[in-house]
>>> print(open('entry.csv').read())   # CSV, C-alpha atoms
chain,number,residue,atom,x,y,z
A,1,MET,CA,11.9,-63.9,6.6
A,2,ASN,CA,15.5,-64.3,7.7
A,3,ASP,CA,16.0,-60.5,7.5
A,4,MET,CA,12.9,-60.0,9.6
A,5,ASN,CA,14.1,-62.5,12.2
A,6,ASN,CA,17.5,-60.8,12.3
A,7,SER,CA,15.9,-57.4,12.7
A,8,ALA,CA,13.8,-58.6,15.6
A,9,GLN,CA,16.9,-60.2,17.2
A,10,TRP,CA,18.9,-57.0,17.1
A,11,ILE,CA,16.0,-55.0,18.6
A,12,GLU,CA,15.5,-57.5,21.4
A,13,ARG,CA,19.2,-57.5,22.3
A,14,ALA,CA,19.4,-53.7,22.2
A,15,LYS,CA,16.4,-53.3,24.5
A,16,LYS,CA,18.4,-55.1,27.2
A,17,LEU,CA,21.2,-52.5,27.0
A,18,ASP,CA,21.5,-48.9,27.9
A,19,CYS,CA,22.9,-46.3,25.6
A,20,ALA,CA,26.1,-45.8,27.7
A,21,ALA,CA,27.1,-49.4,27.1
A,22,ILE,CA,26.3,-49.2,23.4
A,23,SER,CA,28.3,-45.9,23.2
A,24,ASP,CA,31.3,-47.6,24.7
A,25,ALA,CA,30.9,-50.5,22.2
A,26,LEU,CA,30.8,-48.0,19.4
A,27,ASP,CA,34.0,-46.4,20.6
A,28,ARG,CA,35.6,-49.9,20.7
A,29,SER,CA,34.4,-50.5,17.2
A,30,GLY,CA,35.8,-47.1,16.0
A,31,ILE,CA,32.4,-45.8,15.1
A,32,VAL,CA,31.0,-42.3,15.8
A,33,GLY,CA,27.4,-43.1,16.7
A,34,GLN,CA,26.6,-40.8,19.6
A,35,CYS,CA,24.1,-38.1,18.6
A,36,TYR,CA,25.5,-34.9,20.1
A,37,LYS,CA,23.0,-32.9,22.2
A,38,ILE,CA,20.0,-34.9,21.1
A,39,ALA,CA,17.9,-35.5,24.2
A,40,ALA,CA,14.6,-37.0,25.3
A,41,CYS,CA,11.6,-34.7,25.8
A,42,ASP,CA,11.0,-36.7,28.9
A,43,PRO,CA,13.6,-38.7,31.0
A,44,SER,CA,11.3,-41.7,31.2
A,45,PHE,CA,11.5,-42.3,27.4
A,46,ARG,CA,13.2,-45.4,26.0
A,47,MET,CA,13.3,-46.3,22.3
A,48,VAL,CA,14.8,-49.0,20.1
A,49,GLY,CA,14.1,-49.5,16.4
A,50,HIS,CA,15.5,-49.3,12.9
A,51,ALA,CA,15.7,-45.9,11.1
A,52,TYR,CA,13.2,-44.5,8.7
A,53,THR,CA,14.9,-41.4,7.5
A,54,VAL,CA,13.4,-38.0,6.6
A,55,LEU,CA,15.2,-35.0,5.1
A,56,TYR,CA,14.1,-31.4,5.0
A,57,ARG,CA,15.4,-28.2,3.5
A,58,LEU,CA,14.2,-24.6,3.7
A,59,ALA,CA,11.2,-23.9,1.6
A,60,ILE,CA,11.5,-21.7,-1.5
A,61,PRO,CA,9.3,-18.6,-1.2
A,62,GLY,CA,5.8,-19.3,-2.7
A,63,GLU,CA,6.4,-23.1,-2.4
A,64,GLU,CA,3.8,-25.2,-0.6
A,65,GLY,CA,5.4,-26.8,2.4
A,66,ASN,CA,5.1,-30.5,3.2
A,67,VAL,CA,6.0,-31.5,6.8
A,68,GLY,CA,4.4,-34.9,7.5
A,69,GLU,CA,2.5,-36.8,4.9
A,70,TYR,CA,5.1,-39.6,4.9
A,71,ILE,CA,3.9,-41.0,8.2
A,72,ASP,CA,1.3,-43.3,6.7
A,73,ASP,CA,4.1,-45.3,5.0
A,74,VAL,CA,6.4,-45.7,8.0
A,75,PRO,CA,6.5,-49.4,9.1
A,76,PRO,CA,5.4,-50.1,12.7
A,77,GLY,CA,8.4,-50.5,15.0
A,78,ASN,CA,10.7,-48.2,13.1
A,79,VAL,CA,12.2,-45.0,14.5
A,80,ILE,CA,11.5,-41.9,12.4
A,81,VAL,CA,14.8,-40.0,12.0
A,82,ILE,CA,14.3,-36.4,10.9
A,83,ASP,CA,17.2,-34.2,9.6
A,84,ASN,CA,16.2,-30.5,9.8
A,85,GLN,CA,19.9,-29.5,9.8
A,86,GLY,CA,19.7,-28.5,13.5
A,87,ARG,CA,17.3,-25.6,12.8
A,88,ASP,CA,15.9,-24.4,16.1
A,89,GLU,CA,13.7,-21.6,14.8
A,90,MET,CA,11.0,-23.8,13.4
A,91,THR,CA,9.6,-27.2,14.2
A,92,THR,CA,9.2,-30.4,12.2
A,93,TRP,CA,6.9,-32.3,14.5
A,94,GLY,CA,3.8,-31.7,16.6
A,95,ASN,CA,0.8,-33.3,18.2
A,96,ILE,CA,-1.0,-34.7,15.1
A,97,LEU,CA,2.2,-36.5,14.1
A,98,THR,CA,2.7,-37.7,17.6
A,99,GLU,CA,-0.9,-39.1,17.8
A,100,MET,CA,-0.5,-40.8,14.4
A,101,ALA,CA,2.9,-42.3,15.2
A,102,HIS,CA,1.6,-43.6,18.5
A,103,GLN,CA,-1.5,-45.1,16.8
A,104,ARG,CA,0.7,-46.8,14.2
A,105,LYS,CA,3.1,-48.2,16.9
A,106,ILE,CA,6.1,-46.3,15.6
A,107,ALA,CA,9.0,-46.8,18.1
A,108,GLY,CA,9.9,-43.2,18.4
A,109,THR,CA,11.1,-40.0,16.7
A,110,VAL,CA,14.6,-38.4,16.6
A,111,ILE,CA,15.0,-34.9,15.3
A,112,ASP,CA,18.1,-32.9,14.3
A,113,GLY,CA,16.1,-29.8,15.2
A,114,ILE,CA,13.1,-29.2,17.4
A,115,ASN,CA,9.5,-30.2,18.0
A,116,ARG,CA,6.5,-28.8,19.7
A,117,ASP,CA,3.4,-30.0,21.6
A,118,VAL,CA,5.6,-31.8,24.2
A,119,SER,CA,2.8,-32.5,26.6
A,120,LEU,CA,1.1,-35.0,24.3
A,121,CYS,CA,4.1,-37.1,23.7
A,122,ARG,CA,4.5,-37.3,27.5
A,123,ASP,CA,0.9,-38.2,28.0
A,124,LEU,CA,1.0,-40.9,25.4
A,125,ASN,CA,4.5,-42.1,26.4
A,126,TYR,CA,5.6,-41.7,22.8
A,127,PRO,CA,9.4,-41.2,22.7
A,128,ILE,CA,10.7,-38.0,21.0
A,129,TYR,CA,14.3,-37.0,21.1
A,130,SER,CA,15.4,-33.6,19.7
A,131,SER,CA,17.7,-30.7,20.3
A,132,GLY,CA,14.9,-28.8,22.0
A,133,TYR,CA,11.3,-27.7,21.7
A,134,TRP,CA,9.5,-24.5,20.8
A,135,MET,CA,6.1,-23.8,19.3
A,136,ARG,CA,6.9,-22.1,15.9
A,137,THR,CA,5.6,-24.2,13.0
A,138,GLY,CA,7.7,-25.4,10.1
A,139,LYS,CA,4.7,-25.2,7.8
A,140,GLY,CA,5.5,-23.0,4.9
A,141,ARG,CA,9.1,-22.6,6.1
A,142,ILE,CA,10.6,-26.1,5.3
A,143,GLN,CA,10.1,-28.6,2.6
A,144,LEU,CA,10.3,-32.4,2.6
A,145,VAL,CA,13.0,-33.4,0.0
A,146,GLY,CA,14.0,-36.9,0.8
A,147,LEU,CA,12.7,-40.2,2.4
A,148,GLN,CA,14.9,-43.2,3.2
A,149,VAL,CA,18.1,-41.3,2.3
A,150,SER,CA,21.3,-40.7,4.3
A,151,VAL,CA,20.8,-38.0,6.9
A,152,THR,CA,22.7,-36.5,9.8
A,153,ILE,CA,21.6,-36.3,13.4
A,154,GLY,CA,23.8,-34.6,16.0
A,155,GLY,CA,26.8,-35.0,13.8
A,156,VAL,CA,26.1,-38.7,13.2
A,157,SER,CA,25.4,-40.1,9.7
A,158,VAL,CA,22.2,-42.2,9.8
A,159,ASN,CA,21.1,-44.5,6.9
A,160,PRO,CA,17.8,-46.3,6.5
A,161,GLY,CA,17.8,-49.5,8.5
A,162,ASP,CA,20.5,-48.4,11.0
A,163,LEU,CA,19.7,-49.4,14.6
A,164,VAL,CA,18.6,-46.4,16.7
A,165,CYS,CA,18.5,-46.5,20.5
A,166,GLY,CA,17.4,-43.8,23.0
A,167,ASP,CA,17.2,-43.6,26.8
A,168,PRO,CA,17.7,-40.8,29.4
A,169,ASP,CA,21.3,-40.4,28.3
A,170,GLY,CA,20.5,-39.6,24.7
A,171,VAL,CA,20.6,-41.4,21.3
A,172,VAL,CA,23.1,-43.7,19.7
A,173,VAL,CA,23.1,-45.1,16.2
A,174,VAL,CA,24.6,-48.5,15.1
A,175,PRO,CA,25.2,-49.0,11.4
A,176,SER,CA,23.1,-51.9,10.2
A,177,ALA,CA,26.2,-53.8,9.0
A,178,MET,CA,27.8,-53.5,12.5
A,179,GLN,CA,24.9,-54.6,14.7
A,180,GLU,CA,26.3,-58.0,15.6
A,181,GLN,CA,29.7,-56.6,16.6
A,182,VAL,CA,28.5,-53.6,18.5
A,183,LEU,CA,25.8,-55.4,20.5
A,184,THR,CA,28.2,-58.2,21.3
A,185,TYR,CA,30.8,-55.7,22.6
A,186,ALA,CA,28.1,-53.9,24.6
A,187,GLU,CA,26.9,-57.1,26.2
A,188,GLU,CA,30.5,-58.0,27.2
A,189,ILE,CA,31.0,-54.5,28.6
A,190,VAL,CA,27.9,-54.8,30.8
A,191,THR,CA,29.0,-58.2,32.0
A,192,ARG,CA,32.4,-57.0,33.0
A,193,GLU,CA,31.1,-53.9,34.7
A,194,ASN,CA,28.7,-56.0,36.6
A,195,LYS,CA,31.6,-58.2,37.8
A,196,VAL,CA,33.4,-55.1,39.0
A,197,ARG,CA,30.3,-54.1,41.0
A,198,LYS,CA,29.9,-57.6,42.4
A,199,SER,CA,33.6,-57.7,43.5
A,200,ILE,CA,33.3,-54.2,45.2
A,201,ARG,CA,30.2,-55.3,47.1
A,202,GLU,CA,32.1,-58.4,48.3
A,203,GLY,CA,34.8,-56.1,49.7
A,204,MET,CA,37.5,-55.9,46.9
A,205,ARG,CA,39.3,-52.6,46.4
A,206,MET,CA,37.8,-50.8,43.3
A,207,ASP,CA,41.2,-50.5,41.6
A,208,GLU,CA,41.8,-54.2,42.0
A,209,ALA,CA,38.3,-55.1,40.7
A,210,ARG,CA,38.7,-52.8,37.7
A,211,LYS,CA,42.2,-54.2,36.9
A,212,LEU,CA,40.8,-57.7,37.0
A,213,GLN,CA,38.1,-56.9,34.4
A,214,LYS,CA,40.4,-54.7,32.3
A,215,TYR,CA,37.9,-51.9,33.0
A,216,HIS,CA,40.0,-49.0,31.7
A,217,PHE,CA,40.3,-50.7,28.3
A,218,LEU,CA,36.7,-51.8,27.7
A,219,GLN,CA,36.2,-49.0,25.1
A,220,SER,CA,39.6,-49.4,23.5
A,221,GLN,CA,39.9,-50.6,19.9
A,222,ASP,CA,42.8,-52.8,20.9
A,223,TYR,CA,41.1,-54.2,24.0
A,224,ASP,CA,41.9,-57.8,23.0
A,225,GLN,CA,45.6,-57.0,23.1
A,226,LYS,CA,45.5,-55.6,26.6
>>> encode(input="entry.csv", output="structure tokens")
Amino acid sequence: MNDMNNSAQWIERAKKLDCAAISDALDRSGIVGQCYKIAACDPSFRMVGHAYTVLYRLAIPGEEGNVGEYIDDVPPGNVIVIDNQGRDEMTTWGNILTEMAHQRKIAGTVIDGINRDVSLCRDLNYPIYSSGYWMRTGKGRIQLVGLQVSVTIGGVSVNPGDLVCGDPDGVVVVPSAMQEQVLTYAEEIVTRENKVRKSIREGMRMDEARKLQKYHFLQSQDYDQK
């Protein structure tokens, strides 16, 4: 029960933050967690959840492909994280998976690769983040080879249970063991940036307001020594 309570706590805290603040907090923690060139299929999408990871490889000729039967076992509230090694010539996700994930209340899907059937995810407001979209199927071309294993998304290592957040800026991943530190840093960064904005609105020079809040060092690993 304690693990479930902690899980809910991290998610609720992360929902109040944007990915830019979490990205800055990752930098301050010395963690590479920004998924390069992984973007939302619709700019209105937002997503927070813990990772359920999926790994694909190219199918062997004559081998029967498997591209989605895992979905029945994904816990509600998780983010499905799919590593297709950045392949952009075949999809790993389409409208049947979108409908099923939406029905099961999955938090979203992140793909190191591409998806298709973009219109349905927009209609259902089901968040999908990927490196692009195209219609060519992965059936018969790729094979599911791992569930709940370490994967890579946009150059970022993702493990089962890591915190995954998405918004119009992209996707960030927080290692499960670092959630407390990274979210605390992100919350502090937001507080200090809001103080800069307040001071500017009240007439203070921007350089003075930034200096007062140590703005230029908010992402620094030695921030506390500044």
>>> closest_residue(input="entry.csv", among="A:Asp27, A:Asp83, A:Asp72, A:Asp222", to="Gly146 of chain A", atoms="only C-alpha atoms")
A:Asp83
>>> residues_around(input="entry.csv", residues="Ile142 of chain A", least_positions_apart="5", cutoff="12 Å", atoms="only C-alpha atoms", output="PDB file with C-alpha atoms, in the frame of the given file")
ATOM      1  CA  LEU A  55      15.200 -35.000   5.100  1.00  0.00           C
ATOM      2  CA  TYR A  56      14.100 -31.400   5.000  1.00  0.00           C
ATOM      3  CA  ARG A  57      15.400 -28.200   3.500  1.00  0.00           C
ATOM      4  CA  LEU A  58      14.200 -24.600   3.700  1.00  0.00           C
ATOM      5  CA  ALA A  59      11.200 -23.900   1.600  1.00  0.00           C
ATOM      6  CA  ILE A  60      11.500 -21.700  -1.500  1.00  0.00           C
ATOM      7  CA  PRO A  61       9.300 -18.600  -1.200  1.00  0.00           C
ATOM      8  CA  GLY A  62       5.800 -19.300  -2.700  1.00  0.00           C
ATOM      9  CA  GLU A  63       6.400 -23.100  -2.400  1.00  0.00           C
ATOM     10  CA  GLU A  64       3.800 -25.200  -0.600  1.00  0.00           C
ATOM     11  CA  GLY A  65       5.400 -26.800   2.400  1.00  0.00           C
ATOM     12  CA  ASN A  66       5.100 -30.500   3.200  1.00  0.00           C
ATOM     13  CA  VAL A  67       6.000 -31.500   6.800  1.00  0.00           C
ATOM     14  CA  GLY A  68       4.400 -34.900   7.500  1.00  0.00           C
ATOM     15  CA  ASP A  83      17.200 -34.200   9.600  1.00  0.00           C
ATOM     16  CA  ASN A  84      16.200 -30.500   9.800  1.00  0.00           C
ATOM     17  CA  GLN A  85      19.900 -29.500   9.800  1.00  0.00           C
ATOM     18  CA  ARG A  87      17.300 -25.600  12.800  1.00  0.00           C
ATOM     19  CA  GLU A  89      13.700 -21.600  14.800  1.00  0.00           C
ATOM     20  CA  MET A  90      11.000 -23.800  13.400  1.00  0.00           C
ATOM     21  CA  THR A  91       9.600 -27.200  14.200  1.00  0.00           C
ATOM     22  CA  THR A  92       9.200 -30.400  12.200  1.00  0.00           C
ATOM     23  CA  TRP A  93       6.900 -32.300  14.500  1.00  0.00           C
ATOM     24  CA  GLY A 113      16.100 -29.800  15.200  1.00  0.00           C
ATOM     25  CA  ARG A 136       6.900 -22.100  15.900  1.00  0.00           C
ATOM     26  CA  THR A 137       5.600 -24.200  13.000  1.00  0.00           C
TER      27      THR A 137
END
>>> closest_residue(input="entry.csv", among="A:Gln181, A:Thr109, A:Asn194, A:Gln221", to="Arg13 of chain A", atoms="all atoms listed in the file")
A:Gln181
>>> residues_near_point(input="entry.csv", point="(8.7, -38.1, 24.3)", cutoff="12 Å", atoms="all atoms listed in the file", output="NGL selection string")
:A and (39-47 or 93-95 or 98-99 or 101-102 or 107-111 or 115-130 or 132-133 or 166-168 or 170)
>>> residues_around(input="entry.csv", residues="Ser29 of chain A", least_positions_apart="6", cutoff="12 Å", atoms="only C-alpha atoms", output="MDAnalysis selection string")
chainID A and resid 22:23 174:175 178:186 218:224
>>> write_last_selection(input="entry.csv", atoms="C-alpha atoms", output="compact mmCIF listing (two decimals), keeping the file's coordinate frame")
# COMPACT_ATOMS: atom_id res chain seq x y z
CA ILE A 22 26.30 -49.20 23.40
CA SER A 23 28.30 -45.90 23.20
CA VAL A 174 24.60 -48.50 15.10
CA PRO A 175 25.20 -49.00 11.40
CA MET A 178 27.80 -53.50 12.50
CA GLN A 179 24.90 -54.60 14.70
CA GLU A 180 26.30 -58.00 15.60
CA GLN A 181 29.70 -56.60 16.60
CA VAL A 182 28.50 -53.60 18.50
CA LEU A 183 25.80 -55.40 20.50
CA THR A 184 28.20 -58.20 21.30
CA TYR A 185 30.80 -55.70 22.60
CA ALA A 186 28.10 -53.90 24.60
CA LEU A 218 36.70 -51.80 27.70
CA GLN A 219 36.20 -49.00 25.10
CA SER A 220 39.60 -49.40 23.50
CA GLN A 221 39.90 -50.60 19.90
CA ASP A 222 42.80 -52.80 20.90
CA TYR A 223 41.10 -54.20 24.00
CA ASP A 224 41.90 -57.80 23.00
>>> residues_around(input="entry.csv", residues="Thr53 of chain A", least_positions_apart="3", cutoff="12 Å", atoms="all atoms listed in the file", output="ChimeraX atom specification")
/A:50,56,70-71,73-75,78-84,109-112,144-153,157-164
>>> atom_distance(input="entry.csv", atom1="atom CA of Gln213 of chain A", atom2="atom CA of Ala25 of chain A")
15.5 Å
>>> atom_distance(input="entry.csv", atom1="atom CA of Ala51 of chain A", atom2="atom CA of Lys105 of chain A")
14.1 Å
